[in-house]
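S.K.: Sharing coords.tsv, TSV, C-alpha atoms and all ligand atoms:
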chain	number	residue	atom	x	y	z
A	208	MET	CA	8.29	-84.15	24.78
A	209	GLU	CA	8.45	-84.68	21.00
A	210	ILE	CA	5.84	-86.54	18.97
A	211	GLU	CA	7.07	-87.61	15.52
A	212	VAL	CA	4.57	-89.12	13.11
A	213	PHE	CA	5.75	-91.28	10.20
A	214	ASN	CA	3.77	-92.47	7.20
A	215	ASP	CA	4.06	-96.14	8.04
A	216	ALA	CA	5.83	-98.68	10.25
A	217	GLU	CA	8.76	-99.03	7.85
A	218	GLU	CA	9.47	-95.28	7.83
A	219	LEU	CA	9.14	-95.29	11.60
A	220	ALA	CA	11.60	-98.16	11.93
A	221	HIS	CA	14.10	-96.48	9.61
A	222	ALA	CA	13.88	-93.19	11.50
A	223	ALA	CA	14.35	-95.01	14.80
A	224	ALA	CA	17.42	-96.80	13.46
A	225	VAL	CA	18.87	-93.46	12.34
A	226	ARG	CA	18.17	-92.01	15.80
A	227	PHE	CA	19.83	-95.01	17.47
A	228	GLN	CA	22.89	-94.61	15.25
A	229	THR	CA	23.10	-90.87	15.89
A	230	LEU	CA	22.78	-91.29	19.65
A	231	ALA	CA	25.31	-94.11	19.64
A	232	GLN	CA	27.84	-92.01	17.72
A	233	SER	CA	27.40	-88.96	19.96
A	234	SER	CA	27.48	-90.98	23.19
A	235	VAL	CA	30.63	-92.88	22.19
A	236	ALA	CA	32.31	-89.64	21.05
A	237	ARG	CA	31.42	-87.98	24.35
A	238	GLN	CA	31.94	-90.74	26.91
A	239	ASP	CA	33.37	-93.71	25.03
A	240	ARG	CA	30.27	-95.82	25.64
A	241	PHE	CA	26.59	-96.08	24.73
A	242	SER	CA	24.23	-97.86	27.12
A	243	VAL	CA	20.82	-98.93	25.81
A	244	ALA	CA	17.84	-100.72	27.32
A	245	LEU	CA	16.09	-102.54	24.48
A	246	ALA	CA	12.32	-102.88	24.15
A	247	GLY	CA	10.69	-106.23	23.59
A	248	GLY	CA	7.58	-107.12	21.64
A	249	ASN	CA	7.15	-106.83	17.88
A	250	THR	CA	7.41	-103.14	17.02
A	251	PRO	CA	11.17	-102.80	17.62
A	252	ARG	CA	11.94	-105.94	15.59
A	253	ARG	CA	12.30	-104.04	12.29
A	254	VAL	CA	14.46	-101.38	13.96
A	255	TYR	CA	16.84	-104.08	15.18
A	256	GLU	CA	16.86	-105.74	11.73
A	257	LEU	CA	17.78	-102.43	10.11
A	258	LEU	CA	20.55	-101.78	12.64
A	259	ALA	CA	22.04	-105.13	11.62
A	260	THR	CA	22.25	-104.11	7.94
A	261	ASP	CA	25.48	-102.73	6.45
A	262	ASP	CA	23.91	-99.25	6.14
A	263	PHE	CA	23.79	-98.98	9.93
A	264	LYS	CA	25.97	-101.57	11.64
A	265	GLN	CA	29.17	-100.25	10.04
A	266	GLN	CA	28.45	-96.77	11.47
A	267	ILE	CA	28.24	-97.95	15.08
A	268	ASN	CA	31.21	-98.77	17.31
A	269	TRP	CA	29.72	-101.96	18.77
A	270	PRO	CA	32.55	-102.68	21.26
A	271	SER	CA	31.50	-99.44	22.99
A	272	VAL	CA	27.79	-100.34	23.03
A	273	HIS	CA	26.28	-101.98	26.10
A	274	MET	CA	22.90	-103.62	25.60
A	275	PHE	CA	20.45	-104.10	28.45
A	276	PHE	CA	16.75	-104.98	28.43
A	277	GLY	CA	13.71	-103.08	29.67
A	278	ASP	CA	11.93	-106.28	30.63
A	279	GLU	CA	11.77	-110.02	30.05
A	280	ARG	CA	9.04	-112.57	30.00
A	281	SER	CA	9.03	-115.61	32.29
A	282	VAL	CA	10.60	-117.85	29.67
A	283	ALA	CA	14.02	-119.22	28.79
A	284	HIS	CA	16.19	-117.24	26.40
A	285	ASP	CA	15.59	-119.78	23.61
A	286	HIS	CA	11.79	-119.50	23.94
A	287	PRO	CA	9.97	-117.80	21.01
A	288	ALA	CA	8.46	-115.23	23.42
A	289	SER	CA	11.82	-114.21	24.89
A	290	ASN	CA	12.72	-110.55	24.36
A	291	TYR	CA	16.37	-111.56	24.51
A	292	ARG	CA	15.85	-114.14	21.75
A	293	MET	CA	14.15	-111.57	19.52
A	294	ALA	CA	17.01	-109.08	19.98
A	295	PHE	CA	19.62	-111.81	19.53
A	296	GLU	CA	18.10	-113.15	16.30
A	297	THR	CA	17.47	-109.73	14.72
A	298	LEU	CA	20.54	-107.79	15.89
A	299	LEU	CA	22.90	-109.09	18.55
A	300	SER	CA	23.97	-112.18	16.60
A	301	LYS	CA	24.73	-110.01	13.53
A	302	VAL	CA	26.94	-107.27	14.90
A	303	SER	CA	30.39	-107.27	16.51
A	304	ILE	CA	29.20	-106.52	20.02
A	305	PRO	CA	31.26	-108.36	22.66
A	306	VAL	CA	29.21	-110.95	24.52
A	307	THR	CA	30.23	-109.28	27.79
A	308	ASN	CA	28.48	-106.10	26.58
A	309	VAL	CA	25.10	-107.84	26.32
A	310	HIS	CA	23.17	-108.09	29.58
A	311	PRO	CA	20.07	-110.30	29.29
A	312	MET	CA	17.49	-110.43	32.06
A	313	LYS	CA	17.00	-113.98	33.33
A	314	GLY	CA	13.48	-115.20	32.56
A	315	VAL	CA	13.48	-118.55	34.34
A	316	GLY	CA	13.76	-119.39	38.03
A	317	ASP	CA	12.83	-117.11	40.91
A	318	PRO	CA	11.71	-113.79	39.36
A	319	HIS	CA	12.49	-111.86	42.55
A	320	ALA	CA	16.02	-113.24	42.64
A	321	ASN	CA	16.34	-112.48	38.91
A	322	ALA	CA	15.26	-108.88	39.50
A	323	ARG	CA	17.73	-108.47	42.36
A	324	ALA	CA	20.52	-109.96	40.27
A	325	TYR	CA	19.76	-107.67	37.36
A	326	GLU	CA	19.68	-104.62	39.57
A	327	SER	CA	23.09	-105.50	40.98
A	328	GLU	CA	24.38	-105.96	37.43
A	329	LEU	CA	23.11	-102.50	36.59
A	330	ARG	CA	24.60	-101.04	39.76
A	331	SER	CA	28.01	-102.47	38.96
A	332	PHE	CA	27.82	-101.08	35.43
A	333	PHE	CA	26.56	-97.59	36.34
A	334	GLY	CA	28.61	-97.30	39.54
A	335	GLY	CA	27.47	-95.76	42.81
A	336	VAL	CA	24.65	-93.63	41.41
A	337	SER	CA	21.13	-93.34	42.81
A	338	TRP	CA	19.53	-94.24	39.46
A	339	PRO	CA	20.89	-95.84	36.25
A	340	ARG	CA	21.53	-93.27	33.55
A	341	PHE	CA	20.91	-95.18	30.33
A	342	ASP	CA	21.91	-93.21	27.26
A	343	LEU	CA	18.82	-94.61	25.57
A	344	VAL	CA	15.77	-96.55	26.69
A	345	LEU	CA	13.61	-97.93	23.89
A	346	LEU	CA	10.00	-98.65	24.85
A	347	GLY	CA	6.91	-100.04	23.21
A	348	MET	CA	3.33	-99.48	24.29
A	349	GLY	CA	0.63	-102.07	24.62
A	350	GLU	CA	-3.03	-101.49	23.66
A	351	ASP	CA	-3.76	-101.40	27.38
A	352	GLY	CA	-1.25	-98.60	27.90
A	353	HIS	CA	1.48	-100.74	29.45
A	354	THR	CA	5.14	-100.21	28.73
A	355	ALA	CA	8.06	-102.49	29.49
A	356	SER	CA	6.29	-104.81	31.92
A	357	LEU	CA	4.59	-101.99	33.80
A	358	PHE	CA	1.01	-103.15	33.34
A	359	PRO	CA	-2.16	-101.40	34.49
A	360	ASP	CA	-2.87	-101.75	38.22
A	361	SER	CA	0.24	-103.89	38.75
A	362	PRO	CA	2.35	-103.59	41.93
A	363	ALA	CA	5.46	-102.25	40.18
A	364	LEU	CA	3.69	-99.00	39.31
A	365	ASN	CA	4.15	-97.86	42.90
A	366	GLU	CA	7.84	-98.76	43.14
A	367	ILE	CA	9.96	-95.72	44.03
A	368	HIS	CA	13.23	-97.29	45.26
A	369	ALA	CA	14.15	-100.36	43.20
A	370	TRP	CA	15.64	-100.15	39.73
A	371	VAL	CA	14.36	-103.59	38.73
A	372	VAL	CA	11.45	-105.63	40.12
A	373	ALA	CA	9.55	-108.82	39.51
A	374	ASN	CA	6.07	-107.58	38.67
A	375	TRP	CA	3.00	-109.84	39.03
A	376	ILE	CA	0.84	-109.44	35.92
A	377	GLU	CA	-2.62	-110.65	36.91
A	378	LYS	CA	-4.02	-110.90	33.39
A	379	LEU	CA	-1.07	-112.93	32.20
A	380	GLY	CA	-0.87	-115.03	35.34
A	381	GLU	CA	2.88	-114.60	35.48
A	382	PHE	CA	5.69	-112.51	36.92
A	383	ARG	CA	7.77	-110.39	34.58
A	384	VAL	CA	11.09	-108.76	35.42
A	385	THR	CA	11.04	-105.09	34.48
A	386	LEU	CA	12.82	-101.80	34.88
A	387	THR	CA	10.79	-99.53	37.14
A	388	ALA	CA	9.43	-96.15	36.04
A	389	PRO	CA	11.97	-94.15	38.08
A	390	ALA	CA	14.79	-96.22	36.58
A	391	ILE	CA	13.52	-95.47	33.07
A	392	ASN	CA	12.94	-91.81	33.94
A	393	ALA	CA	16.61	-91.39	34.89
A	394	ALA	CA	17.64	-92.03	31.28
A	395	THR	CA	19.21	-89.42	29.02
A	396	ASN	CA	16.93	-90.33	26.12
A	397	VAL	CA	13.67	-92.31	26.12
A	398	ILE	CA	12.00	-93.24	22.84
A	399	PHE	CA	8.59	-94.89	22.49
A	400	LEU	CA	8.02	-96.84	19.27
A	401	VAL	CA	4.30	-97.18	18.51
A	402	ALA	CA	2.75	-98.46	15.29
A	403	GLY	CA	-0.59	-99.80	14.16
A	404	GLU	CA	-4.22	-98.70	14.27
A	405	GLU	CA	-4.82	-100.99	17.26
A	406	LYS	CA	-2.78	-98.50	19.33
A	407	THR	CA	-4.84	-95.43	18.25
A	408	GLU	CA	-7.15	-95.22	21.25
A	409	SER	CA	-4.58	-95.87	23.97
A	410	LEU	CA	-2.05	-93.53	22.34
A	411	HIS	CA	-4.65	-90.77	22.25
A	412	GLU	CA	-5.66	-91.43	25.88
A	413	ILE	CA	-2.03	-91.44	27.02
A	414	LEU	CA	-0.96	-88.29	25.22
A	415	ARG	CA	-4.17	-86.28	25.16
A	416	GLY	CA	-6.31	-87.68	27.98
A	417	PRO	CA	-6.31	-87.16	31.74
A	418	ASN	CA	-3.38	-88.31	33.84
A	419	GLN	CA	-4.28	-91.78	35.06
A	420	PRO	CA	-1.02	-93.77	35.25
A	421	ALA	CA	-2.47	-96.68	37.21
A	422	HIS	CA	-4.71	-97.30	34.22
A	423	LEU	CA	-2.20	-96.12	31.58
A	424	PRO	CA	1.29	-96.86	32.91
A	425	ALA	CA	3.04	-95.33	29.89
A	426	GLN	CA	2.00	-92.00	31.45
A	427	LEU	CA	4.52	-92.71	34.22
A	428	ILE	CA	7.33	-92.19	31.72
A	429	SER	CA	8.57	-88.63	32.03
A	430	PRO	CA	12.38	-88.42	32.11
A	431	LYS	CA	13.62	-86.15	34.92
A	432	GLU	CA	16.40	-84.59	32.87
A	433	GLY	CA	16.34	-86.59	29.67
A	434	SER	CA	14.46	-86.33	26.40
A	435	LEU	CA	11.19	-88.12	25.66
A	436	THR	CA	10.24	-88.85	22.07
A	437	TRP	CA	7.18	-90.66	20.80
A	438	MET	CA	7.94	-92.07	17.34
A	439	VAL	CA	4.62	-93.25	15.95
A	440	ASP	CA	3.15	-94.21	12.60
A	441	ALA	CA	0.15	-92.47	11.01
A	442	ALA	CA	-2.12	-95.43	11.74
A	443	ALA	CA	-1.52	-95.13	15.48
A	444	ALA	CA	-1.64	-91.33	15.37
A	445	THR	CA	-5.05	-91.05	13.69
A	446	ARG	CA	-6.61	-89.27	16.66
A	447	LEU	CA	-3.60	-87.13	17.55
A	448	ARG	CA	-3.56	-83.59	16.22
A	449	VAL	CA	0.19	-83.06	16.31
A	450	SER	CA	1.06	-79.37	16.58
A	451	SER	CA	4.04	-78.14	14.58
A	452	SER	CA	5.96	-77.55	17.83
A	453	GLU	CA	5.80	-81.28	18.57
A	454	PHE	CA	6.68	-82.40	15.05
A	455	PRO	CA	9.99	-81.23	13.57
B	501	LIG	C1	7.17	-106.81	25.95
B	501	LIG	C2	7.43	-105.33	25.90
B	501	LIG	C3	6.11	-104.64	25.89
B	501	LIG	C4	5.85	-104.22	24.47
B	501	LIG	C5	4.41	-103.82	24.28
B	501	LIG	C6	4.12	-103.47	22.81
B	501	LIG	O1	7.90	-107.52	26.65
B	501	LIG	O2	6.27	-107.23	25.20
B	501	LIG	O3	8.25	-104.91	26.87
B	501	LIG	O4	6.07	-103.52	26.74
B	501	LIG	O5	6.72	-103.13	24.14
B	501	LIG	O6	3.61	-104.91	24.68
B	501	LIG	O7	4.38	-104.64	22.07
B	501	LIG	P1	4.27	-104.64	20.47
B	501	LIG	O8	5.41	-103.80	19.98
B	501	LIG	O9	4.41	-106.09	20.10
B	501	LIG	O10	2.93	-104.06	20.12
Render the structure in this file as structure tokens.
Ligand code: 6PG
M.R.:
Amino acid sequence: MEIEVFNDAEELAHAAAVRFQTLAQSSVARQDRFSVALAGGNTPRRVYELLATDDFKQQINWPSVHMFFGDERSVAHDHPASNYRMAFETLLSKVSIPVTNVHPMKGVGDPHANARAYESELRSFFGGVSWPRFDLVLLGMGEDGHTASLFPDSPALNEIHAWVVANWIEKLGEFRVTLTAPAINAATNVIFLVAGEEKTESLHEILRGPNQPAHLPAQLISPKEGSLTWMVDAAAATRLRVSSSEFP
């Protein structure tokens, strides 16, 4: 696991955009495609905006990029809270990615049916494998230690077979469709993007505290064969003493 600390959220976003570009170029060169599961929330917004600028978008072969989502809220795609809407407005509407390469999770209707449908979409993309091997999964981290829509003490934390589930989030009073931890852990590269002093305590607990994934679900993320990188800003990293081995 790598922990990379950046001076501020803008530097973090720029570094993440560079990493995305580099991974996209190497994946396309190697296998003629780059499959990504995007994170929702606010932190990745700036990364997506940067990827849509000429500095980045002209360096990425968008027809070979396939965009998936780590989770979706129980809202329509045109709702302000939709993760799809955020990605569409900041990035997907601004680059030459074929519409058939963008795979939104459905947020309205029966969440269990939506989860099953998404899993079958993943299975048809990744073929007859036991777990989806995303080239990159981008994740955020909530103050409560959740990631994707794997919230503390929620049923999905115990899922060991499904790739995608509808997870009941008690504190939100809603279901959310989410990739499961084993599905994320099958990825080739997983990157957490964490910024802001409000994340200091949970980041410290997750990375330096005891293993308690039911309470801190981000601790479930440990790629079996892939790389795990925490890209964080100094505000969130205040309590982390990052050893030189963890910080290039
Ligand atoms: C979501 C994300 C969620 C997010 C964290 C952090 O749907 O909101 O999947 O896991 O990454 O809540 O969100 P911020 O980046 O807004 O702090």
S.K.: Neighbours of ligand LIG 501 (chain B) at 7 Å or closer, counting only C-alpha atoms and all ligand atoms: which residues, as a PyMOL selection string?
M.R.: chain A and resi 246-251+277-280+290+346-349+353-356+401
S.K.: For a quick check of understanding, using all atoms listed in the file, which of A:Thr229, A:Gly380, A:Thr407, A:Ala441 has the smallest distance to Ala216 (chain A)?
M.R.: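 Of the candidates, the smallest distance to Ala216 (chain A) is held by A:Ala441.
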S.K.: Quick one: residues within 9 Å of region 319-329 of chain A, all atoms listed in the file, excluding same-chain residues fewer than 2 positions away - as a list in words?
M.R.: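 Contacts, in chain order: Phe275, His310, Pro311, Met312, Lys313, Gly314, Val315, Gly316, Asp317, Ser331, Phe332, Phe333, Gly334, Pro339, Ala369, Trp370, Val371, Val372, Ala373, Asn374, Phe382, Val384, Thr385 and Leu386 of chain A.
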S.K.: Using the selection just defined, write its residues with C-alpha atoms as a JSON list (two decimals), keeping the file's coordinate frame.
M.R.:
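Result went into result-v4.json, see below:
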[["chain", "number", "residue", "atom", "x", "y", "z"],
["A", 275, "PHE", "CA", 20.45, -104.10, 28.45],
["A", 310, "HIS", "CA", 23.17, -108.09, 29.58],
["A", 311, "PRO", "CA", 20.07, -110.30, 29.29],
["A", 312, "MET", "CA", 17.49, -110.43, 32.06],
["A", 313, "LYS", "CA", 17.00, -113.98, 33.33],
["A", 314, "GLY", "CA", 13.48, -115.20, 32.56],
["A", 315, "VAL", "CA", 13.48, -118.55, 34.34],
["A", 316, "GLY", "CA", 13.76, -119.39, 38.03],
["A", 317, "ASP", "CA", 12.83, -117.11, 40.91],
["A", 331, "SER", "CA", 28.01, -102.47, 38.96],
["A", 332, "PHE", "CA", 27.82, -101.08, 35.43],
["A", 333, "PHE", "CA", 26.56, -97.59, 36.34],
["A", 334, "GLY", "CA", 28.61, -97.30, 39.54],
["A", 339, "PRO", "CA", 20.89, -95.84, 36.25],
["A", 369, "ALA", "CA", 14.15, -100.36, 43.20],
["A", 370, "TRP", "CA", 15.64, -100.15, 39.73],
["A", 371, "VAL", "CA", 14.36, -103.59, 38.73],
["A", 372, "VAL", "CA", 11.45, -105.63, 40.12],
["A", 373, "ALA", "CA", 9.55, -108.82, 39.51],
["A", 374, "ASN", "CA", 6.07, -107.58, 38.67],
["A", 382, "PHE", "CA", 5.69, -112.51, 36.92],
["A", 384, "VAL", "CA", 11.09, -108.76, 35.42],
["A", 385, "THR", "CA", 11.04, -105.09, 34.48],
["A", 386, "LEU", "CA", 12.82, -101.80, 34.88]]
S.K.: Please compute the CA of Leu345 (chain A)-CA of Ile391 (chain A) distance, one decimal, in Å.
M.R.: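 Separating CA of Leu345 (chain A) from CA of Ile391 (chain A) is a distance of 9.5 Å.
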S.K.: Rank A:Pro389, A:Pro362, A:Pro424, A:Pro287 by their smallest atom-to-atom distance to Glu350 (chain A), using only C-alpha atoms, and report the top residue only.
M.R.: A:Pro424
S.K.: Could you check the closest approach to Phe213 (chain A) for each of A:Ile367, A:Ala402, A:Ala388, A:Ala421 and tell me which residue wins, using only C-alpha atoms?
M.R.: A:Ala402
S.K.: What's the 10 Å shell around Leu410 (chain A), counting all atoms listed in the file, without same-chain residues fewer than 5 positions away, as a list in words?
M.R.: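 Neighbouring residues, sequence-local ones excluded: Met348, Gly349, Glu350, Asp351, Gly352, Val401, Ala402, Glu404, Glu405, Arg415, Gly416, Leu423, Ala425, Trp437, Val439, Ala443, Ala444, Thr445, Arg446 and Leu447 of chain A.
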S.K.: Rank nothing, just name the residue among A:Glu256, A:Asp261, A:Asp239, A:Asp360 nearest to His221 (chain A), using all atoms listed in the file.
M.R.: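 Comparing A:Glu256, A:Asp261, A:Asp239, A:Asp360 against His221 (chain A), the winner is A:Glu256.
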S.K.: Can you work out the spacing between CA of Phe358 (chain A) and CA of Leu299 (chain A) in Å, to one decimal?
M.R.: 27.1 Å
S.K.: Looking at A:Asn392, A:Asn214, A:Thr260, A:Thr436, which one is nearest to Phe341 (chain A), with distances taken over all atoms listed in the file?
M.R.: A:Asn392
S.K.: CA of Ala236 (chain A) and CA of Ala390 (chain A) are how many Å apart?
M.R.: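 About the pair CA of Ala236 (chain A) and CA of Ala390 (chain A): they are 24.3 Å apart.
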S.K.: (-3.1, -96.6, 45.7) in this file's frame - what residues fall within 12 Å of it? Use all atoms listed in the file and give the answer as a list of chain:residue names.
M.R.: A:Asp360, A:Ser361, A:Pro362, A:Ala363, A:Leu364, A:Asn365, A:Glu366, A:Gln419, A:Pro420, A:Ala421, A:His422
S.K.: Please produce a file of the residues just selected, as a PDB file, in the frame of the given file, where the atoms kept are C-alpha atoms.
M.R.:
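Result file is selection_23.pdb:
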ATOM      1  CA  ASP A 360      -2.870-101.750  38.220  1.00  0.00           C
ATOM      2  CA  SER A 361       0.240-103.890  38.750  1.00  0.00           C
ATOM      3  CA  PRO A 362       2.350-103.590  41.930  1.00  0.00           C
ATOM      4  CA  ALA A 363       5.460-102.250  40.180  1.00  0.00           C
ATOM      5  CA  LEU A 364       3.690 -99.000  39.310  1.00  0.00           C
ATOM      6  CA  ASN A 365       4.150 -97.860  42.900  1.00  0.00           C
ATOM      7  CA  GLU A 366       7.840 -98.760  43.140  1.00  0.00           C
ATOM      8  CA  GLN A 419      -4.280 -91.780  35.060  1.00  0.00           C
ATOM      9  CA  PRO A 420      -1.020 -93.770  35.250  1.00  0.00           C
ATOM     10  CA  ALA A 421      -2.470 -96.680  37.210  1.00  0.00           C
ATOM     11  CA  HIS A 422      -4.710 -97.300  34.220  1.00  0.00           C
TER      12      HIS A 422
END
S.K.: Kindly indicate which residue among A:Tyr291, A:Tyr255, A:Trp375, A:Phe399 lies nearest to Phe276 (chain A), using only C-alpha atoms for the distances.
M.R.: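 Using only C-alpha atoms, Phe276 (chain A) sits closest to A:Tyr291.
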S.K.: Quick one: 6 Å padding each side, axis-aligned, all listed atoms of region 249-268 of chain A - centre and edge lengths in Å to one decimal, as AutoDock Vina command-line options?
M.R.:
--center_x 19.2 --center_y -101.8 --center_z 12.0 --size_x 36.1 --size_y 22.1 --size_z 23.7
S.K.: May I ask you to restore N, CA and C atoms in region 393-418 of chain A and write the result as an mmCIF file, in the frame of the given file?
M.R.:
data_model
loop_
_atom_site.group_PDB
_atom_site.id
_atom_site.type_symbol
_atom_site.label_atom_id
_atom_site.label_comp_id
_atom_site.auth_asym_id
_atom_site.auth_seq_id
_atom_site.Cartn_x
_atom_site.Cartn_y
_atom_site.Cartn_z
ATOM 1 N N ALA A 393 15.259 -91.943 34.656
ATOM 2 C CA ALA A 393 16.610 -91.390 34.890
ATOM 3 C C ALA A 393 17.439 -91.373 33.610
ATOM 4 N N ALA A 394 16.881 -91.915 32.535
ATOM 5 C CA ALA A 394 17.640 -92.030 31.280
ATOM 6 C C ALA A 394 17.877 -90.685 30.622
ATOM 7 N N THR A 395 18.900 -90.641 29.774
ATOM 8 C CA THR A 395 19.210 -89.420 29.020
ATOM 9 C C THR A 395 18.246 -89.248 27.851
ATOM 10 N N ASN A 396 17.888 -90.360 27.232
ATOM 11 C CA ASN A 396 16.930 -90.330 26.120
ATOM 12 C C ASN A 396 15.970 -91.514 26.245
ATOM 13 N N VAL A 397 14.687 -91.246 26.133
ATOM 14 C CA VAL A 397 13.670 -92.310 26.120
ATOM 15 C C VAL A 397 12.878 -92.162 24.823
ATOM 16 N N ILE A 398 12.752 -93.250 24.094
ATOM 17 C CA ILE A 398 12.000 -93.240 22.840
ATOM 18 C C ILE A 398 10.941 -94.337 22.872
ATOM 19 N N PHE A 399 9.677 -93.926 22.685
ATOM 20 C CA PHE A 399 8.590 -94.890 22.490
ATOM 21 C C PHE A 399 8.471 -95.168 20.994
ATOM 22 N N LEU A 400 8.277 -96.437 20.661
ATOM 23 C CA LEU A 400 8.020 -96.840 19.270
ATOM 24 C C LEU A 400 6.615 -97.425 19.238
ATOM 25 N N VAL A 401 5.699 -96.749 18.510
ATOM 26 C CA VAL A 401 4.300 -97.180 18.510
ATOM 27 C C VAL A 401 3.783 -97.204 17.074
ATOM 28 N N ALA A 402 3.263 -98.334 16.661
ATOM 29 C CA ALA A 402 2.750 -98.460 15.290
ATOM 30 C C ALA A 402 1.494 -99.323 15.276
ATOM 31 N N GLY A 403 0.596 -98.974 14.369
ATOM 32 C CA GLY A 403 -0.590 -99.800 14.160
ATOM 33 C C GLY A 403 -1.855 -99.156 14.681
ATOM 34 N N GLU A 404 -2.955 -99.354 13.914
ATOM 35 C CA GLU A 404 -4.220 -98.700 14.270
ATOM 36 C C GLU A 404 -4.762 -99.231 15.597
ATOM 37 N N GLU A 405 -4.310 -100.432 15.985
ATOM 38 C CA GLU A 405 -4.820 -100.990 17.260
ATOM 39 C C GLU A 405 -4.309 -100.181 18.453
ATOM 40 N N LYS A 406 -3.332 -99.316 18.220
ATOM 41 C CA LYS A 406 -2.780 -98.500 19.330
ATOM 42 C C LYS A 406 -3.432 -97.102 19.370
ATOM 43 N N THR A 407 -4.313 -96.795 18.393
ATOM 44 C CA THR A 407 -4.840 -95.430 18.250
ATOM 45 C C THR A 407 -5.482 -94.908 19.534
ATOM 46 N N GLU A 408 -6.383 -95.712 20.095
ATOM 47 C CA GLU A 408 -7.150 -95.220 21.250
ATOM 48 C C GLU A 408 -6.247 -95.009 22.460
ATOM 49 N N SER A 409 -5.398 -96.016 22.755
ATOM 50 C CA SER A 409 -4.580 -95.870 23.970
ATOM 51 C C SER A 409 -3.543 -94.765 23.780
ATOM 52 N N LEU A 410 -3.025 -94.619 22.562
ATOM 53 C CA LEU A 410 -2.050 -93.530 22.340
ATOM 54 C C LEU A 410 -2.706 -92.171 22.566
ATOM 55 N N HIS A 411 -3.933 -92.045 22.067
ATOM 56 C CA HIS A 411 -4.650 -90.770 22.250
ATOM 57 C C HIS A 411 -4.909 -90.514 23.736
ATOM 58 N N GLU A 412 -5.369 -91.581 24.429
ATOM 59 C CA GLU A 412 -5.660 -91.430 25.880
ATOM 60 C C GLU A 412 -4.383 -91.021 26.638
ATOM 61 N N ILE A 413 -3.281 -91.694 26.293
ATOM 62 C CA ILE A 413 -2.030 -91.440 27.020
ATOM 63 C C ILE A 413 -1.523 -90.028 26.799
ATOM 64 N N LEU A 414 -1.567 -89.585 25.545
ATOM 65 C CA LEU A 414 -0.960 -88.290 25.220
ATOM 66 C C LEU A 414 -1.927 -87.123 25.333
ATOM 67 N N ARG A 415 -3.199 -87.401 25.206
ATOM 68 C CA ARG A 415 -4.170 -86.280 25.160
ATOM 69 C C ARG A 415 -5.201 -86.368 26.286
ATOM 70 N N GLY A 416 -5.273 -87.493 26.953
ATOM 71 C CA GLY A 416 -6.310 -87.680 27.980
ATOM 72 C C GLY A 416 -5.816 -87.294 29.371
ATOM 73 N N PRO A 417 -6.680 -87.485 30.353
ATOM 74 C CA PRO A 417 -6.310 -87.160 31.740
ATOM 75 C C PRO A 417 -5.192 -88.062 32.247
ATOM 76 N N ASN A 418 -4.486 -87.544 33.256
ATOM 77 C CA ASN A 418 -3.380 -88.310 33.840
ATOM 78 C C ASN A 418 -3.936 -89.416 34.731
#
